[in-house]
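Notes for the one structure printed next.
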Amino acid sequence: MIFWEKDIETLQRSGIHKLQVEKLNQTITIAQNSLYYDKLFKQKGIKPGTIKNIEEITKLPFTTKQDLRDHFPYGFLTVDRRDVVRLHSSSGTTGNPTVIFHTASDLKNWANLVARSLFTAGIRDTDVFQNICGYGLFTGGLGFQYGIERLGCLSIPAGAGNSLRQIKLMQDYGTTAAHAIPSYLNRLYDVFKELNLDPKRDTQLHTFVIGAEPHTEEQRRRIEEMFGVKAYNSFGLSEMNGPGVAFECTFQNGLHIWEDAFIVEIVDPETLEPVPHGEVGELVMTTLDRIAMPLIRYRTRDLTRFLPGDCPCGRTHYRLDRITGRTDDMFIVKGCNIFPMQIEGVLMKIPEAGSNYLITIENINDNDELIIQVEVKREWFSGDLAKLDNLTRLMAHKVRDEVLVKPIIKLVEPGSLPQSEGKAVRVIDKRKIL
Amino acid sequence: MAFQVSVFLENKIGHLERITSVLRAAGINIRAMTLSHSTQGWGILNLIVSNPQLACETLSDNKFSATLREIAVIEMEDHPGGLDDLLKKIAAAEINFTNAYGRIVSPGKTAYLAIDVEDIGNCLEKLKRAGLKLIPDNDVYGNGNH
Ligand SMILES: [Zn+2]
């Protein structure tokens with residue numbers, strides 16, 4: 001059996017659309033109970049039953065992160081507060097945090113989507129699953145925890161950091177599958193090496209679930225090689241619950257996004273019109289199962305595209321390409337639009353380049369300069385100045401070929417770049433500080 | 001065969017001192033050093049030390065990029081023209097080196113010149129043919145008198 005819910009996962013496209021229209025009208029009914037949507041719908045004349053076919057979703061207004069912040073904390077809540085059982089919240093470094101409330105049934109539906117996602121990646125109830133990620137307000141902790149339990153794995157709620165303990169847990173309980181942030185796995189591997197352990201030989205790991213920060217195909221392949229596992233891409237965002245939004249199947253050819261739970265659109269971030277199928281644009285999502293806090297046409301700011309064609313696994317839900325960046329990640333240097341992922345893609349193809357890097361954009365003598373600090377892998381260091389000099393030149397050329405701006409490459413000592421427990425900081429734009 | 005320890009080093013205040021204090025803590029004596037800098041804020045530090053294997057391991061344990069490189073350490077005389085004589089012989093033997101640094105062993109008598117070359121095997125062969133005297137490893141590392 002390769003399906004968690006065969007009927008839903010293999011539903012014909014027409015069936016998916018029918019289900020979505022039905023659930024969308026229900027969602028409009030529920031959303032009316034919130035202060036925010038009640039006012040908005042009255043203004044725009046939107047009523048339950050307004051939507052007759054899926055294309056008509058474009059009649060509905062978008063919801064933005066700013067809308068959530070402006071109506072903090074309860075403006076989007078549709079139910080009595082006594083029916084809310086949990087909240088997750090993003091750290092609001094600027095302004096109000098983004099908070100999402102859940103009823104008990106919301107949590108149940110979410111756990112089911114995570115379980116379906118993990119099952120899709122080949123994880124079964126016989127697995128020992130270590131969740132290497134922060135619990136608390138961050139959705140990756142409890143989100144995966146409930147999904148792992150729903151699936152029936154033995155769960156190890158390991159939390160983030162403390163690599164020695166992570167390795168000990170893996171060895172003590174024979175961990176077979178784990179979830180972690182990709183940048184953390186590079187560090188974890190270093191600790192394995194320092195202990196003279198080889199994860200391939202000294203653990204029973206066979207599957208990793210990696211997500212929460214964008215990463216390239218090259219980085220995935222590196223992780224698979226280092227640990228001797230299959231690594232599956234997970235996509236989620238806290239506004240859409242958290243993990244369990246879109247997941248790779250064992251064919252690793254894009255992430256099936258669960259269209260029975262979300263309506264997925266890809267729009268041009270400038271015009272907000274839908275882009276032709278297969279073209280890159282901003283991901284816009286509507287929740288279909290959420291009671292406490294439904295969101296309609298939420299602009300995620302993530303850039304991706306639908307992958308054309310059918311997946312050999314038999315699932316009919318569309319596949320998303322890996323996230324190429326965020327509309328707010330993009331930076332402009334010398335008139336060129338650059339995404340950090342493009343630079344990572346280039347660096348990861350150069351074997352001498354370490355997995356840690358930091359991009360800084362700085363105004364030097366009235367010129368915007370793209371500075372890339374990159375670690376040289378210790379095993380490639382030969383003590384030969386000329387070789388390293390050539391390496392920096394090669395890196396600079398390859399990056400320029402990709403992003404059209406010639407960078408300044410600065411080699412740095414291993415471990416000298418800032419490392420965080422959470423998402424790695426990859427870009428510092430010093431121009432903004434001025 | 002003598003080894004130097006080569007370490008990747010960022011050109012920043014205090015970074016060189018971090019290396020020397022790590023080696024000091026491991027009880028390693030630094031006998032000679034040279035620093036080659038690239039134009040991009042980093043360089044390579046080459047060291048001749050009392051125990052190169054231990055030095056390299058200690059530095060690696062402390063997260064430095066360190067490696068052992070084989071070098072040729074040639075005897076020269078410590079008087080005016082001593083280096084000139086030696087370099088003439090090295091040139092006549094057609095040995096091309098990428099880095100060189102010297103150390104006095106006993107003032108007024110002997111000194112040595114350490115050279116870093118692309119092809120060490122070939123270089124040693126040529127030095128032998130040119131009649132140049134290599135310094136024994138123990139003398140290079142300063143362990144000979146113990
Ligand atoms: Zn598939």
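By order in the structure tokens, chains are A, B, ...; within a chain, residues start at 1; ligands start at 1, following the order shown.
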List all protein, DNA and RNA residues that have any atom at most 10 Å from ligand 1, counting only C-alpha atoms and all ligand atoms, and write the list as a PyMOL selection string.
-> chain A and resi 9+120-121+247-256+310-319
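The residue set within 12 Å of Asp85 (chain B), counting only C-alpha atoms and dropping same-chain residues fewer than 6 places from it, reads Glu75, Met76, Glu77, Asp78, His79, Ala91, Ala92, Leu113 and Leu132 of chain B.
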Requested write-out: C-alpha atoms of the selected residues, as a PDB file, in the first residue's frame:
```pdb
ATOM      1  CA  GLU B  75      71.924  23.413   4.793  1.00  0.00           C
ATOM      2  CA  MET B  76      73.483  26.795   4.132  1.00  0.00           C
ATOM      3  CA  GLU B  77      76.298  28.729   5.682  1.00  0.00           C
ATOM      4  CA  ASP B  78      75.649  31.634   8.027  1.00  0.00           C
ATOM      5  CA  HIS B  79      77.898  34.296   6.519  1.00  0.00           C
ATOM      6  CA  ALA B  91      68.951  27.474  -9.795  1.00  0.00           C
ATOM      7  CA  ALA B  92      71.646  25.432 -11.536  1.00  0.00           C
ATOM      8  CA  LEU B 113      66.680  27.212   4.003  1.00  0.00           C
ATOM      9  CA  LEU B 132      73.442  19.829  -1.581  1.00  0.00           C
TER      10      LEU B 132
END
```
Please, which residues of chain B lie no more than 8 Å from chain A when the count uses only C-alpha atoms, and can they be set out as an NGL selection string?
-> :B and (6-10 or 36 or 38 or 40-44 or 63-69)
Using only C-alpha atoms, find the one residue out of A:Val99, A:Gly236, A:Arg116, A:Ile167 that sits nearest to Asp70 (chain A).
-> A:Val99
Excluding same-chain residues fewer than 5 positions from Met1 (chain B), what lies within 10 Å of it counting only C-alpha atoms, as an MDAnalysis selection string?
-> chainID B and resid 70:73 120 124 134:138 140
Can I get the selected residues back with N, CA, C and O atoms, as a compact mmCIF listing (two decimals), in the first residue's frame?
```
# COMPACT_ATOMS: atom_id res chain seq x y z
N GLU B 70 55.21 18.36 2.60
CA GLU B 70 56.61 17.97 2.63
C GLU B 70 57.47 19.10 2.05
O GLU B 70 57.12 19.70 1.04
N ILE B 71 58.57 19.38 2.70
CA ILE B 71 59.47 20.43 2.20
C ILE B 71 60.90 19.90 2.15
O ILE B 71 61.21 18.89 2.78
N ALA B 72 61.72 20.60 1.40
CA ALA B 72 63.15 20.27 1.39
C ALA B 72 63.85 21.30 2.27
O ALA B 72 63.68 22.49 2.09
N VAL B 73 64.63 20.82 3.24
CA VAL B 73 65.34 21.73 4.14
C VAL B 73 66.84 21.55 3.89
O VAL B 73 67.40 20.48 4.13
N ILE B 120 58.02 17.31 -4.89
CA ILE B 120 59.06 17.15 -3.89
C ILE B 120 60.02 16.00 -4.23
O ILE B 120 61.23 16.13 -4.05
N LEU B 124 64.08 16.48 -4.51
CA LEU B 124 65.07 15.84 -3.64
C LEU B 124 66.14 15.14 -4.47
O LEU B 124 67.32 15.19 -4.18
N LEU B 134 70.94 17.91 2.79
CA LEU B 134 69.65 18.08 3.48
C LEU B 134 69.88 17.97 4.98
O LEU B 134 70.71 17.19 5.43
N ILE B 135 69.11 18.75 5.73
CA ILE B 135 69.22 18.70 7.18
C ILE B 135 68.39 17.52 7.70
O ILE B 135 67.25 17.34 7.26
N PRO B 136 68.92 16.72 8.62
CA PRO B 136 68.12 15.61 9.17
C PRO B 136 66.86 16.14 9.87
O PRO B 136 66.89 17.23 10.46
N ASP B 137 65.77 15.36 9.80
CA ASP B 137 64.48 15.79 10.35
C ASP B 137 64.59 16.27 11.80
O ASP B 137 64.02 17.29 12.18
N ASN B 138 65.33 15.50 12.61
CA ASN B 138 65.42 15.85 14.03
C ASN B 138 66.03 17.23 14.24
O ASN B 138 65.66 17.95 15.16
N VAL B 140 65.82 19.66 11.98
CA VAL B 140 64.81 20.61 11.51
C VAL B 140 63.81 20.90 12.63
O VAL B 140 63.49 22.05 12.93
```
Check the DSSP output for the backbone and give back, as number ranges by chain, the residues of region 52-135 of chain B in alpha helix (DSSP H).
-> B: 52-61, 82-92, 120-129
Any idea what the distance is between CA of Val209 (chain A) and CA of Glu402 (chain A)?
-> 28.5 Å
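The residue that comes closest to Leu16 (chain B), out of B:Lys88, B:Thr34, B:Asn96, B:Ala114 and on the basis of only C-alpha atoms, is B:Thr34.
Residues surrounding Arg299 (chain A) within 10 Å are Phe62, Thr63, Thr64, Lys65, Glu239, Glu265, Ile266, Val267, Pro269, Leu272, Glu282, Leu283, Val284, Met285, Thr286 and Leu295 of chain A [only C-alpha atoms; sequence separation below 4 positions excluded].
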Which polymer residues have any atom within 8 Å of an atom of Ala130 (chain B), counting only C-alpha atoms, with same-chain residues fewer than 2 positions away left out, as an NGL selection string?
-> :B and (89-90 or 93 or 126-128 or 132)
How far is it from CA of Val245 (chain A) to CA of His277 (chain A), in Å with one decimal?
-> 19.6 Å
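Within the 9 Å cut-off around His102 (chain A), using only C-alpha atoms and omitting residues fewer than 3 positions from it on the same chain, the listed residues are Asp83, Val84, Val85, Arg86, Leu87, His88, Ser105, Asp106, Leu107, Asn241, Arg290, Ile291, Ala292 and Met293 of chain A.
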